[in-house]
>>> print(open('run_31.txt').read())   # compact mmCIF, C-alpha atoms and all ligand atoms
# COMPACT_ATOMS: atom_id res chain seq x y z
CA MET N 1 21.37 53.03 -97.05
CA ASP N 2 21.24 54.01 -93.44
CA SER N 3 21.54 50.45 -92.23
CA LEU N 4 24.27 49.49 -94.69
CA MET N 5 27.75 49.71 -93.27
CA PRO N 6 30.92 49.42 -95.33
CA LEU N 7 33.28 46.65 -94.33
CA ARG N 8 36.39 48.51 -93.31
CA THR N 9 38.49 46.74 -90.73
CA THR N 10 40.60 43.68 -91.38
CA ALA N 11 40.60 40.73 -88.99
CA THR N 12 42.70 37.60 -88.94
CA VAL N 13 40.69 34.56 -87.98
CA ALA N 14 42.62 31.59 -86.66
CA ALA N 15 40.67 28.58 -87.88
CA ARG N 16 43.06 25.87 -86.68
CA PRO N 17 46.57 25.99 -85.30
CA GLY N 18 48.90 26.91 -88.10
CA PHE N 19 46.11 28.06 -90.35
CA SER N 20 44.61 31.47 -90.62
CA PHE N 21 43.14 33.72 -93.22
CA LYS N 22 42.26 37.36 -93.47
CA LEU N 23 38.72 38.58 -93.56
CA LEU N 24 37.19 41.96 -93.84
CA ALA N 25 35.23 42.71 -90.74
CA ASN N 26 32.27 44.92 -90.34
CA PRO N 27 31.93 47.44 -87.54
CA ARG N 28 28.88 46.98 -85.38
CA PRO N 29 25.78 47.93 -87.38
CA LYS N 30 23.39 50.60 -86.28
CA LYS N 31 20.07 48.85 -86.72
CA SER N 32 18.81 45.48 -85.66
CA ALA N 33 15.70 43.76 -86.97
CA PHE N 34 15.74 41.10 -84.26
CA SER N 35 17.35 40.66 -80.91
CA LEU N 36 20.72 39.13 -81.58
CA SER N 37 23.91 40.23 -80.00
CA VAL N 38 25.98 40.48 -83.14
CA PRO N 39 29.73 40.59 -82.75
CA THR N 40 31.86 41.57 -85.69
CA THR N 41 32.81 37.98 -86.38
CA ILE N 42 29.22 37.00 -87.07
CA PHE N 43 29.13 39.39 -89.96
CA THR N 44 32.40 38.11 -91.29
CA SER N 45 31.24 34.54 -90.94
CA TYR N 46 27.93 35.38 -92.51
CA ARG N 47 29.74 36.99 -95.36
CA ALA N 48 32.29 34.24 -95.72
CA ARG N 49 29.67 31.54 -95.81
CA ASN N 50 27.24 33.26 -98.12
CA LEU N 51 24.36 31.79 -96.20
CA SER N 52 21.54 33.76 -97.69
CA GLN N 53 20.12 33.68 -101.17
CA CYS N 54 18.95 37.26 -100.71
CA SER N 55 22.41 38.13 -99.46
CA PRO N 56 22.66 41.24 -97.35
CA VAL N 57 26.30 41.45 -98.43
CA ARG N 58 26.95 43.62 -101.44
CA ALA N 59 30.30 43.99 -103.12
CA GLN N 60 31.60 47.51 -103.69
CA GLU N 61 33.79 48.58 -106.53
CA ASP N 62 36.76 49.03 -104.22
CA GLY N 63 36.53 45.39 -103.13
CA SER N 64 34.85 46.07 -99.83
CA ALA N 65 31.32 45.05 -99.10
CA VAL N 66 28.30 46.26 -97.27
CA VAL N 67 26.11 44.32 -94.89
CA SER N 68 22.63 45.08 -93.78
CA GLU N 69 21.64 43.36 -90.57
CA SER N 70 18.01 44.22 -91.00
CA THR N 71 17.89 42.06 -94.16
CA ILE N 72 19.22 38.87 -92.52
CA PRO N 73 16.28 36.45 -92.40
CA GLU N 74 15.75 34.85 -89.00
CA LYS N 75 16.44 31.32 -90.27
CA ASP N 76 19.81 32.45 -91.57
CA ALA N 77 20.53 34.18 -88.30
CA LEU N 78 20.02 30.83 -86.61
CA LYS N 79 22.43 29.22 -89.07
CA ILE N 80 24.94 31.91 -88.23
CA LYS N 81 24.56 31.15 -84.54
CA GLU N 82 24.91 27.44 -85.28
CA TRP N 83 28.10 28.11 -87.20
CA GLU N 84 29.43 30.24 -84.37
CA VAL N 85 28.71 27.45 -81.88
CA GLU N 86 30.48 24.93 -84.11
CA ARG N 87 33.46 27.23 -84.39
CA PHE N 88 33.68 27.76 -80.64
CA ARG N 89 33.38 24.00 -80.07
CA ASP N 90 36.28 23.37 -82.47
CA GLU N 91 38.28 26.18 -80.84
CA ILE N 92 37.80 24.66 -77.38
CA ALA N 93 38.84 21.27 -78.75
CA ALA N 94 41.87 22.79 -80.48
CA SER N 95 42.90 24.52 -77.26
CA GLN N 96 43.10 21.04 -75.69
CA GLY N 97 45.32 19.86 -78.53
CA ILE N 98 42.50 18.00 -80.29
CA LYS N 99 43.13 18.07 -84.04
CA ILE N 100 39.92 16.31 -85.00
CA ARG N 101 37.19 18.81 -85.85
CA ARG N 102 33.48 18.13 -85.94
CA ARG N 103 31.72 18.10 -89.27
CA PRO N 104 30.80 21.57 -90.45
CA THR N 105 27.04 21.59 -91.02
CA THR N 106 27.21 24.28 -93.65
CA GLY N 107 29.30 24.21 -96.83
CA PRO N 108 32.90 25.31 -97.18
CA PRO N 109 33.54 28.97 -96.51
CA LEU N 110 33.30 31.33 -99.42
CA HIS N 111 35.93 34.06 -99.82
CA TYR N 112 35.72 37.24 -101.74
CA VAL N 113 38.38 39.23 -103.52
CA GLY N 114 36.85 42.24 -105.15
CA PRO N 115 33.97 40.95 -107.21
CA PHE N 116 35.28 37.36 -107.14
CA GLU N 117 34.08 34.57 -104.87
CA PHE N 118 36.21 31.51 -104.23
CA ARG N 119 36.51 28.50 -101.95
CA MET N 120 39.87 27.24 -100.79
CA GLN N 121 40.53 23.57 -101.23
CA ASN N 122 40.92 21.68 -97.94
CA GLU N 123 39.64 24.60 -95.97
CA GLY N 124 37.29 23.31 -93.38
CA ASN N 125 35.31 21.05 -95.68
CA THR N 126 37.72 18.17 -96.26
CA PRO N 127 38.63 15.79 -93.42
CA ILE N 128 42.28 16.06 -92.42
CA ASN N 129 42.65 12.31 -91.93
CA ILE N 130 40.75 9.04 -91.68
CA LEU N 131 39.74 9.60 -88.05
CA GLU N 132 38.19 12.94 -88.90
CA GLU N 133 36.47 11.36 -91.89
CA ILE N 134 35.02 8.64 -89.65
CA VAL N 135 33.84 11.24 -87.13
CA TRP N 136 32.18 13.36 -89.80
CA HIS N 137 30.40 10.36 -91.21
CA LYS N 138 29.38 9.31 -87.71
CA ASP N 139 27.86 12.70 -87.18
CA LYS N 140 25.45 12.18 -90.06
CA GLU N 141 24.79 8.57 -89.12
CA VAL N 142 23.96 9.40 -85.51
CA ALA N 143 21.64 12.21 -86.57
CA GLN N 144 19.66 9.72 -88.67
CA MET N 145 19.66 7.03 -85.97
CA LYS N 146 18.49 9.53 -83.38
CA GLU N 147 15.49 10.40 -85.51
CA LYS N 148 14.43 6.76 -85.53
CA LYS N 149 15.16 6.19 -81.85
CA PRO N 150 15.10 9.40 -79.84
CA LEU N 151 16.69 9.47 -76.42
CA LEU N 152 13.36 9.38 -74.67
CA LEU N 153 12.52 6.09 -76.35
CA LEU N 154 15.95 4.62 -75.53
CA LYS N 155 15.47 5.58 -71.90
CA LYS N 156 12.17 3.69 -71.84
CA LEU N 157 13.83 0.63 -73.41
CA LEU N 158 16.46 0.62 -70.68
CA SER N 159 14.02 -0.85 -68.19
CA ASP N 160 13.85 -4.04 -70.31
CA VAL N 161 17.56 -4.68 -70.83
CA PRO N 162 19.38 -7.18 -68.60
CA PRO N 163 21.91 -5.78 -66.10
CA THR N 164 25.43 -5.11 -67.35
CA ARG N 165 28.30 -7.43 -66.59
CA ASP N 166 31.34 -6.10 -64.79
CA PHE N 167 33.87 -5.40 -67.57
CA LEU N 168 36.55 -3.93 -65.31
CA GLY N 169 36.05 -6.68 -62.71
CA ALA N 170 36.50 -9.35 -65.41
CA LEU N 171 39.82 -7.79 -66.46
CA LYS N 172 41.10 -7.63 -62.89
CA GLU N 173 39.99 -11.19 -62.17
CA SER N 174 41.72 -12.53 -65.29
CA PHE N 175 44.95 -10.67 -64.53
CA SER N 176 45.14 -12.03 -61.00
CA ARG N 177 44.20 -15.55 -62.16
CA THR N 178 46.76 -15.84 -65.00
CA GLY N 179 49.42 -13.33 -63.99
CA LEU N 180 49.25 -12.15 -67.60
CA PRO N 181 47.49 -9.16 -69.11
CA ALA N 182 43.77 -9.83 -69.38
CA LEU N 183 42.67 -10.25 -72.98
CA ILE N 184 40.04 -8.12 -74.66
CA ALA N 185 39.67 -10.00 -77.93
CA GLU N 186 38.27 -7.98 -80.80
CA VAL N 187 35.58 -9.15 -83.19
CA LYS N 188 36.84 -7.19 -86.20
CA LYS N 189 36.01 -8.01 -89.80
CA ALA N 190 37.83 -5.18 -91.54
CA SER N 191 39.65 -1.93 -90.87
CA PRO N 192 40.60 1.17 -92.84
CA SER N 193 44.30 0.34 -92.47
CA ARG N 194 44.20 -3.37 -93.29
CA GLY N 195 41.06 -3.88 -95.38
CA VAL N 196 39.17 -7.13 -94.90
CA LEU N 197 40.84 -9.25 -92.24
CA ARG N 198 38.64 -12.30 -92.49
CA GLU N 199 36.34 -13.31 -95.34
CA ASN N 200 34.36 -16.08 -93.63
CA PHE N 201 33.33 -13.85 -90.79
CA ASN N 202 30.83 -15.28 -88.32
CA PRO N 203 30.85 -12.89 -85.34
CA VAL N 204 29.15 -15.29 -82.92
CA GLU N 205 31.47 -18.21 -83.80
CA ILE N 206 34.52 -15.97 -83.45
CA ALA N 207 33.26 -14.65 -80.10
CA LYS N 208 32.71 -18.20 -78.83
CA ALA N 209 36.19 -19.20 -79.97
CA TYR N 210 37.66 -16.22 -78.10
CA GLU N 211 35.78 -17.12 -74.94
CA ARG N 212 36.96 -20.74 -75.14
CA GLY N 213 40.52 -19.48 -75.54
CA GLY N 214 40.38 -17.53 -72.27
CA ALA N 215 39.48 -13.98 -73.31
CA ALA N 216 38.35 -12.00 -70.28
CA CYS N 217 36.23 -9.61 -72.35
CA LEU N 218 35.32 -9.07 -75.98
CA SER N 219 35.43 -5.95 -78.11
CA VAL N 220 32.84 -5.74 -80.88
CA LEU N 221 33.23 -3.21 -83.67
CA THR N 222 29.87 -1.69 -84.44
CA ASP N 223 30.89 0.78 -87.14
CA GLN N 224 29.50 -0.38 -90.45
CA LYS N 225 31.13 1.84 -93.06
CA TYR N 226 34.79 1.58 -92.10
CA PHE N 227 34.97 -1.70 -90.16
CA GLN N 228 32.06 -3.72 -91.57
CA GLY N 229 30.77 -4.12 -88.03
CA SER N 230 27.25 -3.65 -86.69
CA PHE N 231 25.06 -3.36 -83.65
CA GLU N 232 23.39 -6.56 -84.89
CA ASN N 233 26.72 -8.31 -84.29
CA LEU N 234 26.83 -6.92 -80.77
CA GLU N 235 23.27 -8.03 -80.06
CA ALA N 236 23.81 -11.45 -81.62
CA ILE N 237 26.91 -12.05 -79.49
CA ARG N 238 25.09 -10.82 -76.40
CA ASN N 239 22.19 -13.19 -77.09
CA ALA N 240 24.36 -16.21 -77.87
CA GLY N 241 24.99 -17.13 -74.25
CA ILE N 242 28.51 -15.72 -74.17
CA GLU N 243 29.54 -14.69 -70.67
CA CYS N 244 32.44 -12.36 -71.40
CA PRO N 245 31.50 -8.71 -70.90
CA LEU N 246 31.28 -6.81 -74.19
CA LEU N 247 32.93 -3.56 -75.24
CA CYS N 248 31.05 -1.58 -77.85
CA LYS N 249 33.87 -0.38 -80.12
CA GLU N 250 32.39 2.76 -81.58
CA PHE N 251 33.33 6.31 -82.45
CA VAL N 252 31.32 8.07 -79.79
CA ILE N 253 30.63 11.73 -80.38
CA GLU N 254 27.31 12.05 -78.55
CA ALA N 255 25.88 10.73 -75.31
CA TRP N 256 22.95 9.28 -77.25
CA GLN N 257 25.30 6.59 -78.58
CA ILE N 258 26.07 5.44 -75.05
CA TYR N 259 22.39 4.86 -74.33
CA TYR N 260 22.03 3.09 -77.65
CA ALA N 261 25.00 0.82 -76.95
CA ARG N 262 23.55 -0.06 -73.55
CA VAL N 263 20.20 -0.95 -75.10
CA LYS N 264 22.00 -3.14 -77.66
CA GLY N 265 23.74 -5.15 -74.94
CA ALA N 266 27.09 -3.43 -74.32
CA ASP N 267 28.80 -3.63 -70.94
CA ALA N 268 31.48 -1.11 -71.80
CA ILE N 269 32.08 1.59 -74.36
CA LEU N 270 35.07 3.28 -75.95
CA LEU N 271 35.64 7.02 -75.55
CA ILE N 272 38.44 8.40 -77.73
CA ALA N 273 40.35 11.35 -76.28
CA ALA N 274 41.56 12.37 -79.75
CA VAL N 275 37.93 13.10 -80.61
CA LEU N 276 36.29 14.22 -77.36
CA PRO N 277 37.08 17.37 -75.39
CA ASP N 278 37.60 17.01 -71.63
CA LEU N 279 34.12 18.13 -70.66
CA ASP N 280 32.54 15.61 -73.00
CA ILE N 281 34.66 12.83 -71.54
CA LYS N 282 33.75 13.92 -68.02
CA TYR N 283 30.05 14.01 -68.84
CA MET N 284 30.14 10.72 -70.75
CA VAL N 285 32.03 8.92 -67.99
CA LYS N 286 29.24 9.99 -65.63
CA ILE N 287 26.58 8.73 -68.02
CA CYS N 288 28.42 5.42 -68.29
CA LYS N 289 28.41 5.09 -64.50
CA LEU N 290 24.72 5.92 -64.41
CA LEU N 291 24.03 3.16 -66.93
CA GLY N 292 26.36 0.61 -65.30
CA LEU N 293 28.79 0.68 -68.23
CA THR N 294 32.57 0.72 -68.01
CA ALA N 295 34.20 3.54 -69.98
CA LEU N 296 37.43 2.63 -71.76
CA VAL N 297 39.05 6.00 -72.39
CA GLU N 298 41.57 5.75 -75.20
CA VAL N 299 44.68 7.90 -75.59
CA HIS N 300 47.52 7.91 -78.08
CA ASP N 301 49.96 10.56 -76.91
CA GLU N 302 51.23 12.28 -73.79
CA MET N 303 48.92 15.25 -74.11
CA GLU N 304 45.85 13.03 -74.29
CA MET N 305 47.11 10.96 -71.36
CA ASP N 306 47.62 14.09 -69.25
CA ARG N 307 44.15 15.35 -70.10
CA VAL N 308 42.54 12.05 -69.19
CA LEU N 309 44.51 11.74 -65.95
CA GLY N 310 43.00 15.08 -64.96
CA ILE N 311 39.46 13.73 -65.28
CA ASP N 312 37.89 12.25 -62.17
CA GLY N 313 36.17 8.91 -62.41
CA VAL N 314 38.30 7.39 -65.18
CA GLU N 315 39.15 3.81 -64.15
CA LEU N 316 40.25 2.23 -67.41
CA ILE N 317 42.63 3.81 -69.93
CA GLY N 318 43.57 2.29 -73.27
CA ILE N 319 46.83 3.29 -74.91
CA ASN N 320 46.48 2.87 -78.63
CA ASN N 321 49.73 2.01 -80.34
CA ARG N 322 48.11 2.92 -83.63
CA ASP N 323 48.04 6.54 -84.68
CA LEU N 324 44.46 6.74 -85.91
CA GLY N 325 45.35 9.55 -88.27
CA THR N 326 48.32 7.96 -90.02
CA PHE N 327 47.79 4.22 -89.19
CA LYS N 328 51.40 3.98 -88.00
CA VAL N 329 51.67 1.30 -85.31
CA ASP N 330 54.44 1.34 -82.72
CA ILE N 331 54.09 -0.68 -79.53
CA SER N 332 56.78 1.36 -77.80
CA ASN N 333 54.10 4.04 -77.56
CA THR N 334 52.62 2.17 -74.60
CA LYS N 335 55.94 2.22 -72.79
CA LYS N 336 56.53 5.89 -73.56
CA LEU N 337 53.19 6.92 -72.08
CA LEU N 338 53.65 4.88 -68.91
CA GLU N 339 57.12 6.07 -68.05
CA GLY N 340 57.96 8.29 -65.09
CA GLU N 341 55.39 10.49 -63.38
CA ARG N 342 52.51 9.41 -65.59
CA GLY N 343 53.01 5.79 -64.62
CA GLU N 344 53.15 6.78 -60.95
CA ARG N 345 49.93 8.80 -61.17
CA ILE N 346 48.20 5.89 -62.87
CA GLN N 347 49.27 3.55 -60.09
CA GLU N 348 48.21 6.00 -57.38
CA LYS N 349 44.81 6.35 -58.98
CA GLY N 350 44.45 2.58 -59.33
CA ILE N 351 43.74 2.92 -63.05
CA ILE N 352 43.96 -0.23 -65.18
CA VAL N 353 45.81 0.29 -68.46
CA VAL N 354 45.04 -1.59 -71.66
CA GLY N 355 47.71 -1.89 -74.35
CA GLU N 356 45.93 -1.66 -77.71
CA SER N 357 46.84 -2.55 -81.31
CA GLY N 358 49.75 -4.17 -83.06
CA LEU N 359 50.24 -7.07 -80.64
CA PHE N 360 51.25 -10.27 -82.43
CA THR N 361 53.63 -12.33 -80.29
CA PRO N 362 54.25 -13.43 -76.67
CA ALA N 363 57.17 -10.97 -76.70
CA ASP N 364 54.76 -8.14 -77.56
CA ILE N 365 52.48 -9.14 -74.68
CA GLY N 366 55.47 -9.34 -72.31
CA TYR N 367 56.68 -5.94 -73.51
CA VAL N 368 53.42 -4.09 -72.74
CA GLN N 369 53.02 -5.98 -69.46
CA GLU N 370 56.49 -4.89 -68.43
CA ALA N 371 55.50 -1.33 -69.34
CA GLY N 372 52.57 -1.52 -66.91
CA CYS N 373 49.56 -2.92 -68.79
CA LYS N 374 47.25 -5.29 -66.94
CA ALA N 375 45.14 -5.82 -70.06
CA VAL N 376 45.56 -5.92 -73.83
CA LEU N 377 43.16 -5.34 -76.71
CA VAL N 378 43.90 -7.51 -79.72
CA GLY N 379 42.15 -7.71 -83.07
CA GLU N 380 44.07 -8.50 -86.22
CA SER N 381 46.47 -11.14 -84.92
CA LEU N 382 43.59 -13.23 -83.51
CA VAL N 383 40.78 -12.68 -85.98
CA LYS N 384 43.00 -13.72 -88.88
CA GLN N 385 43.66 -17.14 -87.35
CA GLU N 386 41.74 -20.07 -88.77
CA ASP N 387 41.24 -21.17 -85.15
CA PRO N 388 41.10 -18.06 -82.92
CA THR N 389 41.11 -20.23 -79.74
CA LYS N 390 44.51 -21.63 -80.72
CA GLY N 391 45.53 -18.13 -81.79
CA ILE N 392 45.12 -16.94 -78.18
CA SER N 393 47.43 -19.65 -76.80
CA GLU N 394 49.98 -18.80 -79.46
CA LEU N 395 49.74 -15.08 -78.73
CA PHE N 396 50.30 -15.60 -74.99
CA GLY N 397 52.72 -18.48 -75.37
CA LYS N 398 50.48 -20.64 -73.17
CA ASP N 399 46.91 -21.71 -72.59
CA ILE N 400 45.22 -18.95 -70.61
CA SER N 401 41.78 -20.55 -70.53
CA CYS N 402 42.14 -22.31 -67.21
O1 LIG R 1 42.44 -0.50 -87.18
C1 LIG R 1 42.40 0.52 -87.88
O2 LIG R 1 42.83 0.55 -89.04
C2 LIG R 1 41.80 1.77 -87.37
C3 LIG R 1 41.75 2.89 -88.17
C4 LIG R 1 41.18 4.06 -87.71
C5 LIG R 1 40.63 4.13 -86.46
C6 LIG R 1 40.67 3.00 -85.63
C7 LIG R 1 41.26 1.84 -86.08
N1 LIG R 1 41.31 0.71 -85.31
C8 LIG R 1 40.77 0.61 -84.02
C9 LIG R 1 41.74 -0.04 -83.13
O3 LIG R 1 42.40 0.67 -82.46
C10 LIG R 1 41.96 -1.53 -83.23
O4 LIG R 1 40.85 -2.14 -83.78
C11 LIG R 1 42.27 -2.27 -81.94
O5 LIG R 1 43.10 -1.57 -81.08
C12 LIG R 1 42.90 -3.63 -82.30
O6 LIG R 1 44.05 -3.41 -83.07
P1 LIG R 1 44.77 -4.61 -83.84
O7 LIG R 1 45.08 -5.68 -82.85
O8 LIG R 1 46.02 -4.01 -84.39
O9 LIG R 1 43.83 -5.08 -84.88
>>> encode(input="run_31.txt", output="structure tokens", more="lines below")
Ligand SMILES: O=C(O)c1ccccc1NCC(=O)[C@H](O)[C@H](O)COP(=O)(O)O
Amino acid sequence: MDSLMPLRTTATVAARPGFSFKLLANPRPKKSAFSLSVPTTIFTSYRARNLSQCSPVRAQEDGSAVVSESTIPEKDALKIKEWEVERFRDEIAASQGIKIRRRPTTGPPLHYVGPFEFRMQNEGNTPINILEEIVWHKDKEVAQMKEKKPLLLLKKLLSDVPPTRDFLGALKESFSRTGLPALIAEVKKASPSRGVLRENFNPVEIAKAYERGGAACLSVLTDQKYFQGSFENLEAIRNAGIECPLLCKEFVIEAWQIYYARVKGADAILLIAAVLPDLDIKYMVKICKLLGLTALVEVHDEMEMDRVLGIDGVELIGINNRDLGTFKVDISNTKKLLEGERGERIQEKGIIVVGESGLFTPADIGYVQEAGCKAVLVGESLVKQEDPTKGISELFGKDISC
């Protein structure tokens, strides 16, 4: 029993803002079977997650438990480390105001009271909203896709893909030609908030109709599960002779996806600040530059805007009027985020702002232009039109194709 230490101290672990629970913590053990630096929290997490079948945690009659480090198998020790890394990653994200957590790779935490074990509903294992659900699903999807096409292979394929087209340049050119916000028209079959938007959905025909109507660029949803999009759609549009630069509308959580999008014909890619911590955005913006892609960095609130304005190299910011957690759409969000100092900083930095979501009428376009947008991203109001080319003229109140 020399290596078994009773759990004596009590620690409060803050999992997310506003949420914490108490755990019994173990003092540092005396013996170590392998070279791990083992802070107290690792033992609590090990205990809480019940990672081992041959658990080194033993319940005592008084409700405390004992842990033997020397009995932790190495593979479990790695899982513990993995869990620690995940927790730190979520803590860093939370410290930047990011509410979206990454998918926990292990099951929900197990708690103990005396001899009883229990899991708390909604604790760590249930997505808090649709955006988190999408991100968790994306995590699994990307892991599978990466196995089929590892980064090394993608990098080799890069030498065969045609050069990118200038997404940002196309927006600027359209704005100065028409005097109206440049249009990024979205090829969007369905969405979590609205369901199926168009039954007879031919992505290439819709893309051609958008181009004829004067769209400067196109946005192609590639998420299959929640938007019924695909990378096949992106490739098909790219190979159909369409000249508009293409935005890959994805939920990017890993740099691998950027390489993949480039190989599949994207000229630009979406990076969502509600999902990505600052360092990830910084790193991904650099990768985009390396690959010749434009990064559209999307924000929804003031905190996200301030974070993104602090990141060097960002040239294109999208303000989403849709709260991706609640689906609430309010176009005054664009105005709110461009008022005062923020608007001035954006101008000083020469950043182009895209007003996104919920734009249906010429008045809506005028409103976000007045707020400071030189581009707009529109899906629903165009894709639902029988004739999307005509839909563009109606949305802008005039023909913007010439
Ligand atoms: O559109 C949704 O329901 C949605 C839900 C969760 C995450 C993202 C979502 N949409 C992405 C977009 O922001 C829009 O596709 C895009 O801005 C166009 O919006 P709209 O013109 O309102 O279709």
>>> atom_distance(input="run_31.txt", atom1="CA of Pro245 in chain N", atom2="CA of Lys225 in chain N")
24.5 Å
>>> closest_residue(input="run_31.txt", among="N:Glu133, N:Glu370, N:Glu173, N:Glu302", to="ligand LIG 1 (chain R)", atoms="all atoms listed in the file")
N:Glu133
>>> residues_near_ligand(input="run_31.txt", ligand="ligand LIG 1 (chain R)", cutoff="7 Å", atoms="only C-alpha atoms and all ligand atoms", output="PyMOL selection string")
chain N and resi 130-131+186+188+191-194+320+322+324-325+327+356-359+377-381
>>> closest_residue(input="run_31.txt", among="N:Pro162, N:Pro388, N:Gly318, N:Pro127", to="Val368 in chain N", atoms="all atoms listed in the file")
N:Gly318
>>> residues_around(input="run_31.txt", residues="range 395-400 of chain N", least_positions_apart="4", cutoff="7 Å", atoms="all atoms listed in the file", output="PyMOL selection string")
chain N and resi 178+213-214+360-362+365+391
>>> write_last_selection(input="run_31.txt", atoms="C-alpha atoms", output="mmCIF file, keeping the file's coordinate frame")
data_model
loop_
_atom_site.group_PDB
_atom_site.id
_atom_site.type_symbol
_atom_site.label_atom_id
_atom_site.label_comp_id
_atom_site.auth_asym_id
_atom_site.auth_seq_id
_atom_site.Cartn_x
_atom_site.Cartn_y
_atom_site.Cartn_z
ATOM 1 C CA THR N 178 46.760 -15.840 -65.000
ATOM 2 C CA GLY N 213 40.520 -19.480 -75.540
ATOM 3 C CA GLY N 214 40.380 -17.530 -72.270
ATOM 4 C CA PHE N 360 51.250 -10.270 -82.430
ATOM 5 C CA THR N 361 53.630 -12.330 -80.290
ATOM 6 C CA PRO N 362 54.250 -13.430 -76.670
ATOM 7 C CA ILE N 365 52.480 -9.140 -74.680
ATOM 8 C CA GLY N 391 45.530 -18.130 -81.790
#
>>> closest_atom_pairs(input="run_31.txt", of="range 169-201 of chain N", to="range 266-279 of chain N", cutoff="12 Å", atoms="all atoms listed in the file", output="JSON lines")
{"residue": "N:Gly169", "atom": "CA", "partner": "N:Asp267", "partner_atom": "CA", "distance": 11.4}
{"residue": "N:Ala170", "atom": "CA", "partner": "N:Asp267", "partner_atom": "CA", "distance": 11.1}
{"residue": "N:Leu171", "atom": "CA", "partner": "N:Ala268", "partner_atom": "CA", "distance": 11.9}
{"residue": "N:Ile184", "atom": "CA", "partner": "N:Ala268", "partner_atom": "CA", "distance": 11.4}
>>> atom_distance(input="run_31.txt", atom1="CA of Thr164 in chain N", atom2="CA of Val314 in chain N")
18.1 Å
>>> closest_atom_pairs(input="run_31.txt", of="range 265-311 of chain N", to="range 153-158 of chain N", cutoff="12 Å", atoms="all atoms listed in the file", output="JSON lines")
{"residue": "N:Gly265", "atom": "CA", "partner": "N:Leu158", "partner_atom": "CA", "distance": 10.2}
{"residue": "N:Ala266", "atom": "CA", "partner": "N:Leu158", "partner_atom": "CA", "distance": 11.9}
{"residue": "N:Leu290", "atom": "CA", "partner": "N:Leu158", "partner_atom": "CA", "distance": 11.6}
{"residue": "N:Leu291", "atom": "CA", "partner": "N:Leu158", "partner_atom": "CA", "distance": 8.8}
{"residue": "N:Gly292", "atom": "CA", "partner": "N:Leu158", "partner_atom": "CA", "distance": 11.3}
>>> closest_residue(input="run_31.txt", among="N:Lys390, N:Arg103, N:Lys146, N:Arg212", to="Glu243 in chain N", atoms="all atoms listed in the file")
N:Arg212
>>> atom_distance(input="run_31.txt", atom1="CA of Leu338 in chain N", atom2="CA of Ser219 in chain N")
23.1 Å
>>> closest_residue(input="run_31.txt", among="N:Cys402, N:Ile98, N:Val142, N:Leu183", to="Met303 in chain N", atoms="all atoms listed in the file")
N:Ile98
>>> residues_around(input="run_31.txt", residues="Ile319 in chain N", least_positions_apart="2", cutoff="10 Å", atoms="all atoms listed in the file", output="JSON, numbers by chain")
{"N": [296, 297, 298, 299, 300, 301, 304, 305, 317, 321, 322, 331, 333, 334, 335, 337, 338, 353, 354, 355, 356, 357, 373, 376, 377]}
>>> residues_near_point(input="run_31.txt", point="(40.2, 23.5, -82.8)", cutoff="10 Å", atoms="only C-alpha atoms", output="number ranges by chain")
N: 14-17, 86-102
>>> closest_residue(input="run_31.txt", among="N:Ala216, N:Ile206, N:Ala363, N:Val187", to="Gln228 in chain N", atoms="all atoms listed in the file")
N:Val187
>>> closest_residue(input="run_31.txt", among="N:Asp364, N:Glu232, N:Asp330, N:Asp323", to="Pro181 in chain N", atoms="only C-alpha atoms")
N:Asp364
>>> residues_near_point(input="run_31.txt", point="(21.6, 10.3, -78.6)", cutoff="8 Å", atoms="all atoms listed in the file", output="PyMOL selection string")
chain N and resi 142+146+150-151+254-260
